[in-house]
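> My questions all concern the structure below.
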Amino acid sequence: MRNSKYLIVGSSHAALEAAAAIRMQDPDGALAMVTRDTRLPYSPTILPYVVSGRSEPERILLRDEAWFADNAIGFVRGETLAAVDAAARTARFASGAEWRYEKLLLATGAAPAIPPVKGLAEVPFHVLRSMDDAVRLRDAIATARRAVVLGAGLIGMHAAENLAKAGAAVTVVEMQAQVLPGYFEPDAARMIERAFAAKGVTMEMGRTVTAAEPRGQGCAVILDDGRAIEADLLLVSTGVKPEMAYLAGGGVDTDRGILVDDRMRSSAPGIWAAGDVAQARGFYDGAKVVAGILPNAVEQGRIAGMDMAEDEGVKSFPGSVPLNTYTFFGQQAISVGLSAGGEGREVHETVGEGGKSYRRIVLEGDRLRGVSAINDFVDAGIMWQLVLRQVDLSAVKADFVARPLETGRMLMSRIWR
Amino acid sequence: MSKISNSSRVIVCDGNEAAALGVGLARPDVVAVYPITPQSSLVEYVSQMIADGRLQAELMNVEGEHSVMSALQGAALAGGRTYTATSGPGLAFMFEPYIRAPGLRLPMVASLVTRDLLTPQCVWGGQQDAMSVREAGWIQIYCETVQEVLDTIVMAYKIAEHHDVMLPVNVCHDGNYLSYGVSRVELPDQAEVDAFLGPRDVNWHVALDPARPMAVDPLTGGAGGGGPAMFVKYRKGLCNGMQNALRVISEVHAEWGERFGRFHAPLVEEYSLDGADYALVTIGSMTGAAKDAVDAAREAGEKVGLIKVKTFRPFPVEALSAAFAKVKAVGIVDRAVSFGWNSGPVYQESLGALYRTGRHIPAISFIGGLAGADITAEHFARIIETTAKAVTGAVPDGPVWVNENDQ
Amino acid sequence: MGKSFNTIQFHADRCDGCGDCMTACAQAKAGTDDLAQSRIRIVPAGGGVYELALCRQCGDPKCVMNCPSGALTKNAATGVIDWDWGKCVNCLLCTVGCAYAGIVFEAEVGHVTKCDTCDGDPACVKVCPHGALEYKTVAGIFNEYGDKEDLFAPGLSACQGCNSELLIRHTLRKVGPETVVAAPPGCIPGMGTVGYNGKTGCKVPIFHPLLTNTASMLAGLKKQYNRMGRDVTMLALAGDGGTADVGFQSLSGAAERNDQMLFVCVDNEGYMNTGMQASGATSFGSWTSTTPVGSAMKGKSTEAKNLPVVMMMHNCSYVATASTAFLEDYYAKLEKAIEASKHGMAYLHVYAPCPTGWRFSSAMTTQVCRMQVLSNFVTLWEFEPGRGLRFTHPVDRPRTIEEYLKLIGKYKHLEPEQVAHIRKSVHDKVAFLKRFAAADAAAAAG
Ligand SMILES: Cc1cc2nc3c(=O)[nH]c(=O)nc-3n(C[C@H](O)[C@H](O)[C@H](O)COP(=O)(O)OP(=O)(O)OC[C@H]3O[C@@H](n4cnc5c(N)ncnc54)[C@H](O)[C@@H]3O)c2cc1C
């Protein structure tokens with residue numbers, strides 16, 4: 001049995017920020033980071049760029065060995081957490097290794113959610129969450145002629161673009177009526193869809209896949225309208241689910257993810273959770289959500305680390321706000337906060353000349369609730385702060401609606417001074 | 001009778017030069033000077049010795065006595081042996097740092113070429129300056145002769161630096177009479193003085209030295225806590241050092257006598273006291289004339305003796321009361337005034353020593369030699385006459401002002 | 001200790017929105033006049049006020065944390081957040097992290113751009129005509145001296161907001177341990193530097209001279225150390241009373257003899273340790289407990305002694321004035337003063353506005369210090385024999401004297417005539433010094 005005052009499981013954004021935060025406060029306390037992956041830390045977000053060939057797997061590492069040494073962090077790779085005994089404060093790994101901890105952070109992120117499609121298990125398909133997945137997909141794309149992407153979220157859209165650029169005939173199938181649901185309103189989504197269509201990608205929106213069947217080396221997916229689309233490459237990117245099978249033994253409250261409070265504490269004493277595995281306060285209504293985005297993993301990791309190290313400077317998690325930046329075929333889409341209109345909300349939508357750009361501002365009273373934009377740059381970080389701080393825009397509302405970029409910068413500069 | 005040590009030289013000089021020669025023999029590290037009558041020629045002599053390379057010391061020509069004493073305290077805190085000299089108003093101006101040296105237990109040596117204090121405006125001899133600082137914590141030794149000035153300056157370093165003492169010493173010699181009075185002086189050999197004094201030993205206990213960092217003189221005392229008790233400890237230590245000095249002064253004088261053949265009375269000198277009915281009490285250079293007068297009176301059959309006070313601080317209570325025990329009346333001659341007691345200060349302090357004897361003998365206060373006035377043999381003859389009457393109980397009301405009717 | 005870095009500071013109150021900085025940046029970084037390509041952005045806030053969007057080179061950079069590709073890193077040597085074009089994948093997540101608009105997508109070039117401080121020589125700062133942008137290099141002080149031992153004990157009991165404690169800690173750090181410190185009665189020993197009841201507040205030898213004899217005691221100490229062949233620095237940390245009033249004779253004497261010491265006068269314009277009585281350094285019009293304000297008296301009726309000028313006339317080895325709001329300037333002078341003290345008298349006159357005695361909030365000290373200089377109420381200069389007088393921080397467009405006076409409670413009662421008097425005397429004092437500086441500059445040129 002090994003011992004560590006702090007035990008962090010996972011080695012991605014949430015884990016790394018927590019470790020750094022602990023070290024700010026407690027430079028000496030024993031700290032171990034144990035992860036399933038066999039590589040040095042990298043971000044899942046980079047994987048589409050590995051797939052496209054833009055990023056080399058060796059050049060995107062978030063930390064090197066020296067960082068762990070400098071910070072006196074024991075880094076253990078290739079160990080998968082299998083069970084946690086919250087009462088005994090021990091963690092058991094698939095290899096049989098056991099760790100005793102004082103404080104445990106679960107930062108195991110999420111895994112692809114595989115939809116219950118008949119026959120799917122019998123056909124070859126790809127997912128994209130790990131570097132191994134990415135390398136496999138990259139190699140497959142090189143030879144793919146016909147590809148089907150299930151799910152028009154970020155992962156699917158990135159892959160579809162890469163596949164199209166590689167010359168494959170691509171079909172994207174999305175159950176909902178638009179791409180990137182939740183981040184963009186239909187008008188914006190249409191712009192993105194048009195860009196894909198213009199590059200020859202077939203966008204099958206509002207369609208479900210009812211079955212998958214093997215076809216030669218590849219497969220065919222059957223749509224709800226009965227059509228069968230053949231593919232030599234199938235990517236399943238229909239969403240993610242928190243990686244928390246090791247909690248099956250109970251002792252820690254879970255829902256869709258591990259339930260945490262505003263300091264990222266789970267229901268079990270001595271256990272924290274952060275990032276894609278955690279289900280924490282949502283900003284708008286307080287209901288707990290699994291956010292699944294990188295900036296939240298960073299924020300939550302930091303809060304968890306500070307709280308674990310009893311850093312008095314720790315601030316409560318304000319709640320997750322949907323955040324998205326997305327580049328497709330050289331165009332930029334940004335979304336911060338709510339995009340939907342509704343009761344009490346004031347929506348200002350602007351479409352640029354020739355439909356080449358788009359901007360949507362959602363206000364509630366004098367408060368900003370969300371901004372989304374395509375090819376119309378706004379500072380996402382500033383907008384996020386305006387939303388979180390519920391900055392009173394009454395004095396500058398017209399200016400803000402007309403020129404959110406400049407007005408936002410002016411407001412934040414003033415606040416920071 | 002003193003014998004001349006083989007290696008001594010004989011010269012003729014005044015008291016200021018004798019003091020300077022004594023300083024040269026004691027080899028101080030730092031000398032700070034500011035001129036004032038009647039001390040000026042003394043610091044001129046010392047400056048010239050340094051200029052000529054006869055004394056290898058740092059000479060600081062500072063802008064006033066206040067800085068003289070301050071600079072020397074700095075030098076002492078760095079471990080240097082120091083010297084200066086002053087008089088009257090110079091001492092008054094120096095007073096602020098002057099009263100600090102004893103508390104810091106700095107073994108400094110300074111000559112007081114005594115002078116009467118203003119006002120009336122006056123540049124002549126008198127011991128009012130020295131007597132006014134008798135409670136400052138400095139050792140005060142009063143010289144009688146030019147030779148004693150030289151010898152005492154050297155001895156003063158040995159007394160001051162003694163670990164049981166560690167107090168500053170004023171070697172006092174009378175302005176005018178000793179400062180400018182010329183006489184024959186034996187000049188001891190440098191090597192023998194070096195052997196007598198040994199290496200300087202100044203700041204072993206308190207220092208401003210990065211090699212031994214300490215706070216020198218932080219605030220001490222205050223309401224409550226251990227502060228006042230600590231203050232008492234320092235004060236008591238100073239008093240103990242003063243008392244130890246009585247022994248050390250005697251030892252040093254004895255050693256001086258052994259080495260150089262001149263045995264000066266360290267605390268109190270008893271002169272012609274055998275079979276005396278009464279005695280004069282003197283201090284400083286007046287003693288010479290007083291001794292002549294006593295000798296003359298003895299020849300005339302008067303049973304008179306003399307008691308000379310050499311060390312006034314610490315006050316030699318034992319030695320003095322032992323001398324007082326031998327006579328039936330005393331006439332105490334002061335060269336200064338105790339304003340509060342309407343007497344001379346030596347008189348006033350002698351009363352305490354008399355009390356120690358357990359006998360209530362008559363005592364008369366004579367005040368003379370103020371503002372450079374001479375106390376001549378004739379004056380002393382009258383003093384003897386007056387004191388003789390006291391044996392039978394005729395004691396004047398109030399002090400006798402010796403030079404009151406001089407023309 | 002960690003490392004500190006240089007940074008670009010923005011003084012919004014001096015910015016008139018001219019945009020020269022943006023032009024310079026666009027030119028320097030993209031070789032264009034297209035302001036859209038500037039990495040510094042001045043934004044109008046209405047009413048002639050301007051705000052700034054610029055990378056702050058954060059110590060805890062969220063852009064770096066949010067970067068999934070390792071393209072952004074905090075440079076450990078320069079503190080600049082470096083962006084690596086080769087690694088960037090244009091995901092814009094960095095822009096989500098930044099709340100300052102310090103890293104933004106630039107359509108013209110198709111990727112994010114950010115300020116790199118032009119490798120420590122920012123083009124924007126150089127062109128700003130009003131000093132609204134300033135490249136702060138004080139970090140060097142921290143890096144150079146941060147690890148040096150603070151030779152004063154922790155927990156000195158100076159009043160809240162006192163800059164003297166700041167000053168003496170900096171000073172002794174720089175002067176170093178081979179030093180004897182003299183702290184005559186006043187605030188500096190009052191805060192416990194010399195200690196109490198047998199305990200010291202300092203790790204080097206320190207003492208309480210008299211209020212009157214600091215310079216002469218140090219002179220004697222130095223003489224003896226020189227005699228012993230030891231190089232020990234004599235450092236006085238004195239108040240203005242111990243310098244300008246009763247302490248002046250011994251200082252003047254030591255200066256005349258060019259005794260080797262570093263004499264620092266911490267000028268808080270009076271006897272602030274003992275209840276705010278006036279000193280010879282108290283400025284005209286000041287309320288103090290001995291120049292009170294009543295129906296017959298309106299504060300101090302005479303000018304302060306201009307002590308640094310008096311010291312200059314003593315032909316010291318070095319004389320300078322300094323302010324804790326301009327620490328780099330102070331360090332440069334301290335460096336020269338330490339060197340000069342090996343040969344003779346080095347005199348530093350440091351202004352020390354006192355929140356307790358002058359009646360301003362303890363949070364305002366540095367601002368008051370700065371305003372003293374910016375209003376020319378005090379001037380920063382140095383005098384070196386042979387080189388003469390030189391202003392080290394000339395203020396050609398000073399703030400009005402009212403701006404300075406209104407910060408401070410001890411001037412609250414001033415009548416308009418008194419303010420006018422101060423305005424004139426400030427003007428005259430600066431003019432007087434300028435004549436020296438000009439004459440010296442002319443002498444140097446000729
Ligand atoms: C292809 C792709 C594109 C994305 N694009 C974006 C984007 O553009 N913007 C955005 O905001 N977010 C994006 N995300 C989401 C973002 O990457 C995640 O929100 C973020 O990585 C979450 O960080 P995390 O630390 O919580 O978990 P993860 O990054 O998922 O890391 C989990 C860590 O835990 C380890 N682990 C998992 N299970 C175990 C176990 N049982 N035992 C031991 N170790 C274990 C893993 O090896 C890994 O180190 C993307 C994700 C993917 C997959």
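Going by the structure tokens order, chains are called A, B, ..., each with residues numbered from 1, while ligands are numbered from 1 in the order shown.
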As number ranges by chain, please: all residues of region 7-210 of chain C that backbone DSSP puts in strand (DSSP E or B).
C: 7-10, 41-46, 49-53, 72-74, 81-83, 103-106, 111-114, 133-136, 152, 179-182, 196, 199, 202, 206-207
> Residues within 6 Å of ligand 1, counting only C-alpha atoms and all ligand atoms: report them as an MDAnalysis selection string.
chainID A and resid 9:15 35:37 43:45 47:48 79:81 107:110 128:129 155 243 275:277 292:295 297 324
> Generate the output file for the selected residues, C-alpha atoms, as a short mmCIF file (atom, residue, chain, number, x, y, z; two decimals), in the first residue's frame.

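Generated output (out.cif):
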```cif
data_model
loop_
_atom_site.label_atom_id
_atom_site.label_comp_id
_atom_site.auth_asym_id
_atom_site.auth_seq_id
_atom_site.Cartn_x
_atom_site.Cartn_y
_atom_site.Cartn_z
CA VAL A 9 -6.37 10.54 -10.29
CA GLY A 10 -6.18 11.72 -13.88
CA SER A 11 -3.55 13.86 -15.55
CA SER A 12 -5.42 16.32 -17.68
CA HIS A 13 -6.61 19.89 -17.16
CA ALA A 14 -8.47 19.48 -13.89
CA ALA A 15 -5.76 17.31 -12.40
CA THR A 35 -3.37 8.26 -14.44
CA ARG A 36 -4.60 5.69 -16.86
CA ASP A 37 -2.83 7.18 -19.79
CA SER A 43 -5.45 17.65 -23.66
CA PRO A 44 -8.31 15.76 -25.33
CA THR A 45 -9.12 19.06 -27.01
CA LEU A 47 -6.97 15.45 -30.56
CA PRO A 48 -8.81 16.82 -33.61
CA GLU A 79 -2.78 2.82 -13.75
CA THR A 80 -6.58 2.67 -14.01
CA LEU A 81 -8.58 3.42 -10.91
CA ALA A 107 -10.28 14.09 -12.21
CA THR A 108 -10.88 11.21 -14.53
CA GLY A 109 -12.83 13.20 -17.09
CA ALA A 110 -15.28 11.59 -19.42
CA LEU A 128 -12.04 10.17 -30.06
CA ARG A 129 -11.00 10.71 -26.47
CA ILE A 155 -15.84 16.29 -31.86
CA GLU A 243 -15.63 8.23 -16.19
CA GLY A 275 -13.67 18.59 -14.51
CA ASP A 276 -15.64 16.44 -16.90
CA VAL A 277 -16.28 13.82 -14.22
CA GLY A 292 -17.74 18.92 -20.27
CA ILE A 293 -15.67 21.89 -21.35
CA LEU A 294 -12.04 22.71 -20.83
CA PRO A 295 -12.31 26.12 -19.10
CA ALA A 297 -12.15 21.76 -15.88
CA ASN A 324 -17.40 27.45 -26.86
#
```
> Just the number, please: distance in Å from CA of Leu7 (chain A) to CA of Ser130 (chain A), one decimal.
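So the answer is 22.1 Å.
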> Would you kindly return, as a PyMOL selection string, each protein, DNA or RNA residue with an atom no farther than 6 Å from any atom of Lys328 (chain B), considering only C-alpha atoms and excluding same-chain residues fewer than 2 positions away?
chain B and resi 277-278+361+391
> Compute the set of chain B residues within 10 Å of chain C, using only C-alpha atoms, and express it as a PyMOL selection string.
chain B and resi 29-32+57-64+66-82+96-97+100+207-222+225-231
> I'd like the contact shell of Met410 (chain A) - 12 Å cut-off, only C-alpha atoms, skipping same-chain residues fewer than 4 positions apart - returned as number ranges by chain.
A: 379, 382-383, 386, 393, 396, 399-400, 403-406, 414-417; C: 12, 41-46, 49-54, 99-101
> DSSP says alpha helix (DSSP H) for which residues of region 137-328 of chain A? Put them as JSON, numbers by chain?
{"A": [137, 138, 139, 140, 141, 142, 143, 154, 155, 156, 157, 158, 159, 160, 161, 162, 163, 164, 165, 186, 187, 188, 189, 190, 191, 192, 193, 194, 195, 196, 197, 198, 294, 295, 296, 297, 298, 299, 300, 301, 302, 303, 304, 305, 306, 307, 308]}
> Residues near region 165-181 of chain B, anyone? I mean within 6 Å using only C-alpha atoms, not counting same-chain ones fewer than 6 positions away, as a PyMOL selection string.
chain B and resi 14-16+38+102+105-115+125+138-143+241+245
> Based on the selection just made, write C-alpha atoms of those residues as a PDB file, in the first residue's frame.

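Produced file part_13.pdb, reproduced below:
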```pdb
ATOM      1  CA  ASP B  14      53.720  72.966  32.341  1.00  0.00           C
ATOM      2  CA  GLY B  15      50.746  70.857  33.388  1.00  0.00           C
ATOM      3  CA  ASN B  16      49.065  70.951  29.983  1.00  0.00           C
ATOM      4  CA  PRO B  38      42.571  77.000  29.740  1.00  0.00           C
ATOM      5  CA  PRO B 102      29.419  55.843  32.301  1.00  0.00           C
ATOM      6  CA  ARG B 105      30.626  51.580  30.661  1.00  0.00           C
ATOM      7  CA  LEU B 106      33.089  53.050  28.211  1.00  0.00           C
ATOM      8  CA  PRO B 107      36.613  53.236  29.664  1.00  0.00           C
ATOM      9  CA  MET B 108      37.408  56.660  28.303  1.00  0.00           C
ATOM     10  CA  VAL B 109      39.937  59.100  29.689  1.00  0.00           C
ATOM     11  CA  ALA B 110      39.445  62.861  29.488  1.00  0.00           C
ATOM     12  CA  SER B 111      41.284  65.677  31.151  1.00  0.00           C
ATOM     13  CA  LEU B 112      39.291  68.362  32.875  1.00  0.00           C
ATOM     14  CA  VAL B 113      41.402  71.462  33.048  1.00  0.00           C
ATOM     15  CA  THR B 114      39.151  72.922  35.672  1.00  0.00           C
ATOM     16  CA  ARG B 115      37.630  76.336  35.220  1.00  0.00           C
ATOM     17  CA  GLY B 125      40.581  78.457  37.192  1.00  0.00           C
ATOM     18  CA  TRP B 138      32.637  59.598  35.808  1.00  0.00           C
ATOM     19  CA  ILE B 139      35.562  58.827  38.055  1.00  0.00           C
ATOM     20  CA  GLN B 140      37.154  62.107  39.118  1.00  0.00           C
ATOM     21  CA  ILE B 141      40.780  62.296  40.163  1.00  0.00           C
ATOM     22  CA  TYR B 142      42.295  65.665  41.114  1.00  0.00           C
ATOM     23  CA  CYS B 143      46.004  66.230  40.633  1.00  0.00           C
ATOM     24  CA  GLY B 241      31.959  49.616  39.294  1.00  0.00           C
ATOM     25  CA  ALA B 245      37.296  51.610  41.522  1.00  0.00           C
TER      26      ALA B 245
END
```
> Suppose you want the space between CA of Tyr101 (chain A) and CA of Gly257 (chain A); what is it in Å?
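Pair CA of Tyr101 (chain A) / CA of Gly257 (chain A) returns 21.9 Å.
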> Using only C-alpha atoms, find which residues of chain A lie within 9 Å of chain C and jot them down as a PyMOL selection string.
chain A and resi 13+17+42-46+49+54-56+59-63+294-295+298+323-327+330+332+334+336+375+377-385+406-407+409-414+416
> Skip Val127 (chain C) itself and residues of its chain fewer than 6 positions away, then list as a list in words all residues within 8 Å of it, counting only C-alpha atoms.
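After dropping sequence-adjacent residues, the list is Asp20, Cys21 and Ala24 of chain C.
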> Keeping only all heavy atoms, write those residues as a compact mmCIF listing (two decimals), in the first residue's frame.

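Resulting contents of again22.txt:
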```txt
# COMPACT_ATOMS: atom_id res chain seq x y z
N ASP C 20 -1.17 56.98 -30.58
CA ASP C 20 0.21 56.80 -31.05
C ASP C 20 0.77 55.43 -30.67
O ASP C 20 1.54 54.85 -31.41
CB ASP C 20 1.13 57.89 -30.48
CG ASP C 20 0.86 59.25 -31.10
OD1 ASP C 20 -0.03 59.32 -31.98
OD2 ASP C 20 1.53 60.23 -30.71
N CYS C 21 0.35 54.96 -29.50
CA CYS C 21 0.86 53.66 -29.06
C CYS C 21 0.42 52.56 -30.01
O CYS C 21 1.19 51.65 -30.33
CB CYS C 21 0.39 53.36 -27.63
SG CYS C 21 -1.39 53.49 -27.40
N ALA C 24 2.36 52.71 -33.21
CA ALA C 24 3.71 52.21 -33.02
C ALA C 24 3.72 50.69 -32.93
O ALA C 24 4.60 50.02 -33.47
CB ALA C 24 4.32 52.82 -31.75
```
> Please provide the set of residues having any atom within 8 Å of Ile303 (chain A), restricted to only C-alpha atoms, with same-chain residues fewer than 2 positions apart removed, written as a VMD selection string.
chain A and resid 18 21 263 to 264 299 to 301 305 to 307 314 to 317
> For those residues, write C-alpha atoms to a file as a JSON list (two decimals), in the first residue's frame.

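The resulting file, part_39.json, is shown below:
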```json
[["chain", "number", "residue", "atom", "x", "y", "z"],
["A", 18, "ALA", "CA", -5.37, 21.12, -8.87],
["A", 21, "ALA", "CA", -2.94, 25.00, -6.71],
["A", 263, "ARG", "CA", -15.64, 23.72, -3.39],
["A", 264, "MET", "CA", -15.69, 20.55, -5.50],
["A", 299, "GLU", "CA", -11.60, 26.41, -12.89],
["A", 300, "GLN", "CA", -12.83, 23.43, -10.98],
["A", 301, "GLY", "CA", -9.40, 21.85, -10.76],
["A", 305, "GLY", "CA", -6.74, 22.00, -5.30],
["A", 306, "MET", "CA", -7.01, 25.16, -3.22],
["A", 307, "ASP", "CA", -9.67, 23.64, -1.03],
["A", 314, "VAL", "CA", -10.29, 29.74, -2.31],
["A", 315, "LYS", "CA", -13.42, 31.14, -3.87],
["A", 316, "SER", "CA", -16.61, 29.24, -4.44],
["A", 317, "PHE", "CA", -17.34, 27.97, -7.91]]
```
> For the atom pair CA of Asp255 (chain A) and CA of Ala278 (chain A), what is the interatomic distance in Å to one decimal place?
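Rounded to one decimal, the two atoms are 9.5 Å apart.
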